[in-house]
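Content type mmCIF, C-alpha atoms and all ligand atoms, from the file start_16.cif:
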```cif
data_structure
loop_
_atom_site.label_atom_id
_atom_site.label_comp_id
_atom_site.auth_asym_id
_atom_site.auth_seq_id
_atom_site.Cartn_x
_atom_site.Cartn_y
_atom_site.Cartn_z
CA MET A 1 90.27 79.58 118.59
CA LYS A 2 91.52 82.56 116.56
CA LYS A 3 93.24 81.89 113.25
CA LEU A 4 96.39 83.76 112.33
CA VAL A 5 98.07 84.09 108.94
CA ILE A 6 101.62 85.45 108.91
CA LEU A 7 103.23 87.07 105.85
CA ILE A 8 107.02 87.14 105.51
CA SER A 9 109.61 88.09 102.91
CA GLY A 10 112.83 86.71 104.37
CA ARG A 11 114.37 85.57 107.63
CA GLY A 12 111.11 85.45 109.57
CA SER A 13 112.49 85.91 113.07
CA ASN A 14 109.39 87.86 114.15
CA MET A 15 107.19 85.10 112.74
CA GLU A 16 109.27 82.61 114.74
CA ALA A 17 108.81 84.63 117.94
CA ILE A 18 105.04 84.69 117.39
CA VAL A 19 104.82 80.96 116.59
CA ARG A 20 106.84 80.13 119.72
CA ALA A 21 104.83 82.44 121.99
CA CYS A 22 101.53 81.10 120.64
CA SER A 23 102.60 77.59 121.54
CA ASN A 24 104.53 78.26 124.78
CA GLU A 25 101.87 80.57 126.23
CA ALA A 26 99.00 78.40 124.93
CA TRP A 27 97.17 81.26 123.25
CA PRO A 28 93.60 80.52 122.16
CA ALA A 29 94.95 80.81 118.60
CA GLN A 30 96.49 78.82 115.81
CA VAL A 31 98.97 79.95 113.16
CA ALA A 32 97.03 78.64 110.16
CA ALA A 33 99.60 79.56 107.50
CA VAL A 34 102.85 81.35 106.76
CA ILE A 35 102.90 82.93 103.31
CA ALA A 36 105.94 84.45 101.59
CA ASN A 37 106.26 86.59 98.48
CA ARG A 38 109.67 85.06 97.75
CA PRO A 39 110.30 81.33 97.27
CA ASP A 40 113.68 81.66 99.01
CA ALA A 41 112.28 83.23 102.21
CA ALA A 42 114.28 81.48 104.92
CA GLY A 43 111.44 81.55 107.44
CA LEU A 44 109.35 79.09 105.39
CA ALA A 45 111.52 76.19 106.57
CA PHE A 46 110.94 77.01 110.24
CA ALA A 47 107.17 77.20 109.70
CA ALA A 48 107.06 73.92 107.78
CA SER A 49 109.15 72.19 110.45
CA HIS A 50 106.54 73.28 113.00
CA GLY A 51 103.70 71.70 111.03
CA ILE A 52 102.36 75.02 109.75
CA ALA A 53 101.00 75.27 106.19
CA THR A 54 103.30 77.32 104.01
CA ALA A 55 102.78 78.93 100.61
CA VAL A 56 104.50 81.31 98.22
CA VAL A 57 102.86 83.99 96.09
CA ASP A 58 105.82 85.24 94.08
CA HIS A 59 105.28 88.91 93.29
CA ARG A 60 107.56 88.63 90.26
CA GLN A 61 104.94 86.43 88.55
CA PHE A 62 102.38 89.27 88.49
CA PRO A 63 102.23 92.21 86.09
CA ASP A 64 101.13 94.76 88.70
CA ARG A 65 100.47 95.29 92.40
CA GLU A 66 96.69 94.93 92.02
CA ARG A 67 96.91 91.45 90.59
CA PHE A 68 99.54 90.33 93.10
CA ASP A 69 97.47 91.63 96.00
CA ALA A 70 94.31 89.99 94.63
CA ALA A 71 96.03 86.59 94.42
CA LEU A 72 97.54 87.04 97.86
CA ALA A 73 94.18 88.01 99.40
CA GLU A 74 92.50 85.00 97.81
CA LEU A 75 95.08 82.68 99.35
CA ILE A 76 94.97 84.40 102.74
CA ASP A 77 91.17 84.26 102.81
CA SER A 78 91.20 80.53 102.07
CA PHE A 79 92.51 80.17 105.66
CA SER A 80 89.71 82.39 107.09
CA PRO A 81 92.05 84.31 109.38
CA ASP A 82 90.93 86.54 112.24
CA LEU A 83 94.23 88.41 112.00
CA VAL A 84 96.82 88.92 109.26
CA ILE A 85 100.32 89.54 110.61
CA LEU A 86 102.96 91.30 108.50
CA ALA A 87 106.31 90.12 109.82
CA GLY A 88 109.05 91.61 107.69
CA PHE A 89 106.75 91.55 104.66
CA MET A 90 108.51 93.98 102.36
CA ARG A 91 105.78 94.88 99.89
CA VAL A 92 103.82 98.09 99.48
CA LEU A 93 100.18 97.05 99.65
CA THR A 94 97.34 98.47 97.54
CA PRO A 95 94.56 100.45 99.27
CA GLY A 96 92.02 97.78 98.31
CA PHE A 97 94.07 95.07 100.05
CA VAL A 98 94.56 97.21 103.15
CA ASP A 99 90.84 98.13 103.33
CA HIS A 100 89.88 94.46 103.05
CA TYR A 101 91.85 93.72 106.25
CA ALA A 102 91.05 96.97 108.08
CA GLY A 103 91.25 96.47 111.84
CA ARG A 104 92.58 92.93 111.44
CA MET A 105 96.09 93.40 110.04
CA LEU A 106 99.16 94.25 112.12
CA ASN A 107 102.69 95.23 111.10
CA VAL A 108 105.99 95.68 112.90
CA HIS A 109 108.21 98.52 111.78
CA PRO A 110 111.79 99.11 113.00
CA SER A 111 111.40 102.71 114.20
CA LEU A 112 109.49 104.77 116.70
CA LEU A 113 106.68 105.78 114.33
CA PRO A 114 105.76 108.30 113.06
CA SER A 115 109.52 108.87 112.80
CA PHE A 116 111.38 107.12 109.99
CA PRO A 117 108.84 105.30 107.84
CA GLY A 118 110.16 103.41 104.81
CA LEU A 119 113.49 101.68 104.42
CA LYS A 120 116.91 102.02 106.10
CA THR A 121 115.31 103.14 109.36
CA HIS A 122 118.47 102.57 111.42
CA GLN A 123 120.54 104.73 109.09
CA GLN A 124 117.77 107.34 109.19
CA ALA A 125 117.90 107.34 113.00
CA LEU A 126 121.70 107.71 113.05
CA ASP A 127 121.57 110.51 110.47
CA ALA A 128 118.90 112.36 112.48
CA GLY A 129 121.00 112.10 115.64
CA VAL A 130 118.14 110.80 117.80
CA ARG A 131 119.13 109.42 121.20
CA LEU A 132 116.23 106.95 121.31
CA HIS A 133 115.26 104.60 118.50
CA GLY A 134 113.03 101.56 118.51
CA ALA A 135 110.19 99.57 117.00
CA SER A 136 106.44 99.94 116.60
CA VAL A 137 103.60 97.46 116.19
CA HIS A 138 100.65 99.10 114.46
CA PHE A 139 97.41 98.38 112.66
CA VAL A 140 97.95 98.75 108.94
CA THR A 141 96.33 101.62 107.07
CA SER A 142 96.80 102.63 103.45
CA GLN A 143 99.48 105.14 104.48
CA LEU A 144 102.82 103.29 104.42
CA ASP A 145 104.21 102.56 107.90
CA HIS A 146 101.42 104.51 109.53
CA GLY A 147 98.42 103.50 111.59
CA PRO A 148 97.11 103.05 115.13
CA ILE A 149 100.01 102.06 117.37
CA VAL A 150 99.50 99.00 119.58
CA ALA A 151 102.95 98.86 121.20
CA GLN A 152 106.34 100.54 120.98
CA ALA A 153 109.79 99.69 122.26
CA ALA A 154 112.60 102.20 122.73
CA VAL A 155 116.32 101.51 122.79
CA PRO A 156 119.17 103.98 123.38
CA VAL A 157 121.40 105.02 120.51
CA GLN A 158 124.98 104.57 121.69
CA ALA A 159 128.24 106.18 120.62
CA GLY A 160 129.78 104.25 117.75
CA ASP A 161 126.56 102.50 116.76
CA THR A 162 126.33 101.27 113.19
CA PRO A 163 123.01 100.54 111.44
CA ALA A 164 123.68 96.82 111.97
CA MET A 165 124.25 97.27 115.72
CA LEU A 166 121.07 99.30 116.05
CA ALA A 167 119.13 96.80 113.96
CA GLU A 168 120.14 93.97 116.29
CA ARG A 169 119.20 95.94 119.41
CA VAL A 170 115.84 96.94 117.91
CA LEU A 171 115.08 93.44 116.59
CA ALA A 172 115.45 91.97 120.08
CA THR A 173 112.66 94.29 121.25
CA GLU A 174 110.47 93.44 118.24
CA HIS A 175 110.58 89.83 119.40
CA ILE A 176 109.08 90.94 122.72
CA ILE A 177 106.48 93.50 121.70
CA TYR A 178 105.14 91.82 118.56
CA PRO A 179 104.06 88.54 120.18
CA ARG A 180 102.66 90.56 123.08
CA ALA A 181 100.58 92.75 120.73
CA VAL A 182 99.28 89.72 118.81
CA ARG A 183 98.29 88.05 122.08
CA TRP A 184 96.32 91.17 123.08
CA PHE A 185 94.46 91.00 119.75
CA VAL A 186 93.80 87.28 120.18
CA GLU A 187 92.45 87.92 123.68
CA GLY A 188 90.05 90.51 122.26
CA ARG A 189 91.57 93.28 124.37
CA LEU A 190 92.28 95.90 121.70
CA ALA A 191 89.84 98.65 120.72
CA LEU A 192 90.40 101.23 118.01
CA ASP A 193 89.35 104.87 118.24
CA GLY A 194 90.78 106.80 115.32
CA LEU A 195 94.55 106.52 115.67
CA ARG A 196 94.32 105.49 119.32
CA VAL A 197 94.42 101.92 120.51
CA THR A 198 93.00 101.07 123.93
CA LEU A 199 94.07 97.93 125.77
CA THR A 200 91.62 96.49 128.33
CA PRO A 201 92.51 95.74 131.05
CA PRO A 202 95.43 98.12 130.66
CA GLU A 203 99.10 97.20 130.87
CA PRO A 204 102.13 99.03 129.53
CA GLN A 205 102.02 99.26 125.73
CA TRP A 206 105.65 100.27 125.71
CA LEU A 207 109.00 98.77 126.54
CA PHE A 208 112.23 100.55 127.32
CA ALA A 209 115.24 98.35 126.70
CA GLY A 210 117.73 100.58 128.49
CA HIS A 211 121.43 100.03 128.85
CA THR A 212 123.43 99.39 131.98
CA ALA A 213 125.35 102.18 133.73
CA GLY A 214 128.57 103.13 131.98
CA GLU A 215 127.38 102.24 128.50
CA GLY A 216 126.20 104.72 125.95
CA ALA A 217 127.15 108.15 124.78
C1 LIG B 1 112.23 93.49 111.03
O1 LIG B 1 113.21 94.31 111.60
C2 LIG B 1 110.97 94.29 110.72
O2 LIG B 1 110.73 95.29 111.67
C3 LIG B 1 111.32 94.88 109.39
O3 LIG B 1 111.99 93.86 108.69
C4 LIG B 1 112.66 93.02 109.63
C5 LIG B 1 112.22 91.60 109.35
O4 LIG B 1 112.94 90.69 110.13
N1 LIG B 1 110.15 95.33 108.70
C6 LIG B 1 110.08 96.44 107.97
O5 LIG B 1 111.05 97.15 107.74
C7 LIG B 1 108.70 96.77 107.41
N2 LIG B 1 108.61 98.13 106.99
P1 LIG B 1 112.40 89.19 110.30
O6 LIG B 1 112.13 88.66 108.89
O7 LIG B 1 113.54 88.46 110.93
O8 LIG B 1 111.17 89.21 111.14
#
```

Would you write the structure of this file as structure tokens?
Ligand code: GAR
Amino acid sequence: MKKLVILISGRGSNMEAIVRACSNEAWPAQVAAVIANRPDAAGLAFAASHGIATAVVDHRQFPDRERFDAALAELIDSFSPDLVILAGFMRVLTPGFVDHYAGRMLNVHPSLLPSFPGLKTHQQALDAGVRLHGASVHFVTSQLDHGPIVAQAAVPVQAGDTPAMLAERVLATEHIIYPRAVRWFVEGRLALDGLRVTLTPPEPQWLFAGHTAGEGA
């Protein structure tokens, strides 16, 4: 039974998708804890109502990133997780923290990496005029929003799209590819070779959430 610890900062809809998939698909895994860096993170209530241990490490209580990350790592490690899952966890992590969880920490980012790291990814995509946008699940390295890609989902950019419309379309794909990627990890099917991730036995590590005829630009 693999142990999972999920870190959130807010809504937690990706965390919810993972918790539901873990239970509905009877993964050989258990979500041991959901930890937030903000006491008002809405996702904490969902986790608690599903009998999952919850905790808050409020970054505002720490004088610097090093001490916040040290306290967070101590709490995470008290659950002995096999995998740490960043699910809308909006903190830049120190290299020491990232190294500690090398090969056992995943993140979801709302863009087709390596395009558009950082914030406001949907606005970045609209400004760049790309016709495809999407989401990426990747192993975390010390380079922000960078690392071996486990799965990606692409969505079309349509005429008249706003950042909010794109965000909604992309988020729906995150809820598919993130639980899928976590399940592959739990099943021991992922191998890392530099920036490449191999899935054994293979299956598509991508999703195209296309639109129906007549829609789009
Ligand atoms: C998601 O869109 C996720 O990709 C993004 O925050 C949102 C969290 O939503 N993460 C990042 O931008 C990380 N760089 P959620 O709290 O409902 O899962």

* What separation in Å, quoted to one decimal, exists between CA of Leu119 in chain A and atom O5 of ligand LIG 1 (chain B)? ->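 Atom O5 of ligand LIG 1 (chain B) lies at a distance of 6.1 Å from CA of Leu119 in chain A.
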
* Asked: Counting all atoms listed in the file, which residues come within 10 Å of (110.6, 85.4, 111.2), with the point read in the file's coordinates, and could you list them as a ChimeraX atom specification?
  -> /A:6-19,34,41-44,46-47,87-89,175

Next, dump the selected residues to file, keeping only C-alpha atoms, as a PDB file, in the frame of the given file.
```
ATOM      1  CA  ILE A   6     101.620  85.450 108.910  1.00  0.00           C
ATOM      2  CA  LEU A   7     103.230  87.070 105.850  1.00  0.00           C
ATOM      3  CA  ILE A   8     107.020  87.140 105.510  1.00  0.00           C
ATOM      4  CA  SER A   9     109.610  88.090 102.910  1.00  0.00           C
ATOM      5  CA  GLY A  10     112.830  86.710 104.370  1.00  0.00           C
ATOM      6  CA  ARG A  11     114.370  85.570 107.630  1.00  0.00           C
ATOM      7  CA  GLY A  12     111.110  85.450 109.570  1.00  0.00           C
ATOM      8  CA  SER A  13     112.490  85.910 113.070  1.00  0.00           C
ATOM      9  CA  ASN A  14     109.390  87.860 114.150  1.00  0.00           C
ATOM     10  CA  MET A  15     107.190  85.100 112.740  1.00  0.00           C
ATOM     11  CA  GLU A  16     109.270  82.610 114.740  1.00  0.00           C
ATOM     12  CA  ALA A  17     108.810  84.630 117.940  1.00  0.00           C
ATOM     13  CA  ILE A  18     105.040  84.690 117.390  1.00  0.00           C
ATOM     14  CA  VAL A  19     104.820  80.960 116.590  1.00  0.00           C
ATOM     15  CA  VAL A  34     102.850  81.350 106.760  1.00  0.00           C
ATOM     16  CA  ALA A  41     112.280  83.230 102.210  1.00  0.00           C
ATOM     17  CA  ALA A  42     114.280  81.480 104.920  1.00  0.00           C
ATOM     18  CA  GLY A  43     111.440  81.550 107.440  1.00  0.00           C
ATOM     19  CA  LEU A  44     109.350  79.090 105.390  1.00  0.00           C
ATOM     20  CA  PHE A  46     110.940  77.010 110.240  1.00  0.00           C
ATOM     21  CA  ALA A  47     107.170  77.200 109.700  1.00  0.00           C
ATOM     22  CA  ALA A  87     106.310  90.120 109.820  1.00  0.00           C
ATOM     23  CA  GLY A  88     109.050  91.610 107.690  1.00  0.00           C
ATOM     24  CA  PHE A  89     106.750  91.550 104.660  1.00  0.00           C
ATOM     25  CA  HIS A 175     110.580  89.830 119.400  1.00  0.00           C
TER      26      HIS A 175
END
```

Put a box with edges along x, y and z around all the listed atoms of ligand LIG 1 (chain B), pad it by 3 Å on each side, then give me its centre and sizes in Å, one decimal, as JSON.
```
{"center_x": 111.1, "center_y": 93.3, "center_z": 109.3, "size_x": 10.9, "size_y": 15.7, "size_z": 10.7}
```

* **Selection: 8 Å around range 79-86 of chain A, all atoms listed in the file, excl. self and same-chain fewer than 6 positions, as a list in words** => Lys2, Lys3, Leu4, Val5, Ile6, Leu7, Ile8, Ala32, Ala33, Tyr101, Arg104, Met105, Leu106, Asn107 and Val108 of chain A

* To do: May I have the residues within 10 Å of Ala153 in chain A as a PyMOL selection string, using only C-alpha atoms and disregarding those fewer than 4 positions away in the same chain?
  => chain A and resi 110-112+132-137+170-174+176-178+205-209

* To do: Rank A:Leu195, A:Leu113, A:Ala29, A:Ala71 by their smallest atom-to-atom distance to ligand LIG 1 (chain B), using all atoms listed in the file, and report the top residue only.
  =>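 That would be A:Leu113, the residue with the smallest distance to ligand LIG 1 (chain B).
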
* Structure fact -> Judged by all atoms listed in the file, the minimum distance to ligand LIG 1 (chain B) among A:Thr200, A:Gln30, A:Gln61, A:Thr121 is found for A:Thr121

* Quick one: pull the distance between CA of Ala73 in chain A and CA of Ala45 in chain A, Å, one decimal. => 22.2 Å

* Return the single residue from A:Gly194, A:Gly51, A:Gly118, A:Pro28 that is closest to ligand LIG 1 (chain B), with distances computed using all atoms listed in the file. => A:Gly118

* Asked: Closest to Val150 in chain A among A:Ala70, A:Leu190, A:Val98, A:Ala167, using all atoms listed in the file?
  -> A:Leu190

* **Pick from A:Trp27, A:Trp184, A:Phe62, A:Phe116 nearest to ligand LIG 1 (chain B), counting all atoms listed in the file** => A:Phe116

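Interatomic distance, CA of Gly129 in chain A against CA of Pro204 in chain A: 26.8 Å.
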
* Asked: Pick from A:Phe139, A:Thr94, A:Gly210, A:Glu168: nearest to Ala154 in chain A, with all atoms listed in the file counted?
  -> A:Gly210

Return range 86-110 of chain A, completed with N, CA, C and O atoms, as a short mmCIF file (atom, residue, chain, number, x, y, z; two decimals), in the coordinates of the input.
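Writing done, so here's out-v2.cif:
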```
data_model
loop_
_atom_site.label_atom_id
_atom_site.label_comp_id
_atom_site.auth_asym_id
_atom_site.auth_seq_id
_atom_site.Cartn_x
_atom_site.Cartn_y
_atom_site.Cartn_z
N LEU A 86 101.82 91.00 109.38
CA LEU A 86 102.96 91.30 108.50
C LEU A 86 104.23 91.24 109.34
O LEU A 86 104.39 92.01 110.29
N ALA A 87 105.11 90.32 109.02
CA ALA A 87 106.31 90.12 109.82
C ALA A 87 107.53 90.20 108.90
O ALA A 87 108.01 89.18 108.40
N GLY A 88 107.97 91.44 108.65
CA GLY A 88 109.05 91.61 107.69
C GLY A 88 108.57 91.34 106.28
O GLY A 88 109.30 90.80 105.45
N PHE A 89 107.32 91.72 106.00
CA PHE A 89 106.75 91.55 104.66
C PHE A 89 107.01 92.84 103.90
O PHE A 89 106.41 93.87 104.18
N MET A 90 107.96 92.75 102.96
CA MET A 90 108.51 93.98 102.36
C MET A 90 107.83 94.31 101.04
O MET A 90 108.48 94.40 99.99
N ARG A 91 106.53 94.48 101.08
CA ARG A 91 105.78 94.88 99.89
C ARG A 91 104.88 96.06 100.24
O ARG A 91 104.29 96.08 101.33
N VAL A 92 104.80 97.01 99.33
CA VAL A 92 103.82 98.09 99.48
C VAL A 92 102.48 97.52 99.05
O VAL A 92 102.36 96.94 97.98
N LEU A 93 101.47 97.67 99.91
CA LEU A 93 100.18 97.05 99.65
C LEU A 93 99.19 98.06 99.06
O LEU A 93 99.23 99.24 99.39
N THR A 94 98.31 97.56 98.18
CA THR A 94 97.34 98.47 97.54
C THR A 94 96.25 98.85 98.56
O THR A 94 95.96 98.09 99.48
N PRO A 95 95.62 100.02 98.35
CA PRO A 95 94.56 100.45 99.27
C PRO A 95 93.43 99.42 99.38
O PRO A 95 92.89 99.21 100.47
N GLY A 96 93.09 98.77 98.27
CA GLY A 96 92.02 97.78 98.31
C GLY A 96 92.36 96.62 99.24
O GLY A 96 91.51 96.15 100.01
N PHE A 97 93.61 96.17 99.20
CA PHE A 97 94.07 95.07 100.05
C PHE A 97 94.01 95.51 101.53
O PHE A 97 93.49 94.79 102.39
N VAL A 98 94.52 96.70 101.77
CA VAL A 98 94.56 97.21 103.15
C VAL A 98 93.14 97.38 103.70
O VAL A 98 92.85 96.98 104.83
N ASP A 99 92.23 97.93 102.88
CA ASP A 99 90.84 98.13 103.33
C ASP A 99 90.18 96.79 103.66
O ASP A 99 89.42 96.69 104.62
N HIS A 100 90.48 95.78 102.85
CA HIS A 100 89.88 94.46 103.05
C HIS A 100 90.22 93.90 104.45
O HIS A 100 89.42 93.18 105.04
N TYR A 101 91.42 94.25 104.94
CA TYR A 101 91.85 93.72 106.25
C TYR A 101 91.85 94.81 107.34
O TYR A 101 92.55 94.67 108.35
N ALA A 102 91.07 95.86 107.12
CA ALA A 102 91.05 96.97 108.08
C ALA A 102 90.69 96.47 109.48
O ALA A 102 89.72 95.72 109.66
N GLY A 103 91.50 96.86 110.46
CA GLY A 103 91.25 96.47 111.84
C GLY A 103 91.65 95.05 112.16
O GLY A 103 91.47 94.58 113.30
N ARG A 104 92.17 94.33 111.18
CA ARG A 104 92.58 92.93 111.44
C ARG A 104 93.89 92.60 110.73
O ARG A 104 94.13 91.48 110.30
N MET A 105 94.75 93.63 110.60
CA MET A 105 96.09 93.40 110.04
C MET A 105 97.09 94.25 110.83
O MET A 105 96.93 95.46 110.97
N LEU A 106 98.12 93.58 111.34
CA LEU A 106 99.16 94.25 112.12
C LEU A 106 100.49 94.20 111.37
O LEU A 106 100.73 93.29 110.57
N ASN A 107 101.34 95.20 111.68
CA ASN A 107 102.69 95.23 111.10
C ASN A 107 103.68 95.61 112.21
O ASN A 107 103.31 96.26 113.18
N VAL A 108 104.92 95.18 112.04
CA VAL A 108 105.99 95.68 112.90
C VAL A 108 106.93 96.49 112.03
O VAL A 108 107.26 96.08 110.90
N HIS A 109 107.32 97.65 112.54
CA HIS A 109 108.21 98.52 111.78
C HIS A 109 109.39 98.90 112.69
O HIS A 109 109.18 99.25 113.85
N PRO A 110 110.62 98.87 112.14
CA PRO A 110 111.79 99.11 113.00
C PRO A 110 112.11 100.59 113.19
O PRO A 110 113.20 101.05 112.85
#
```
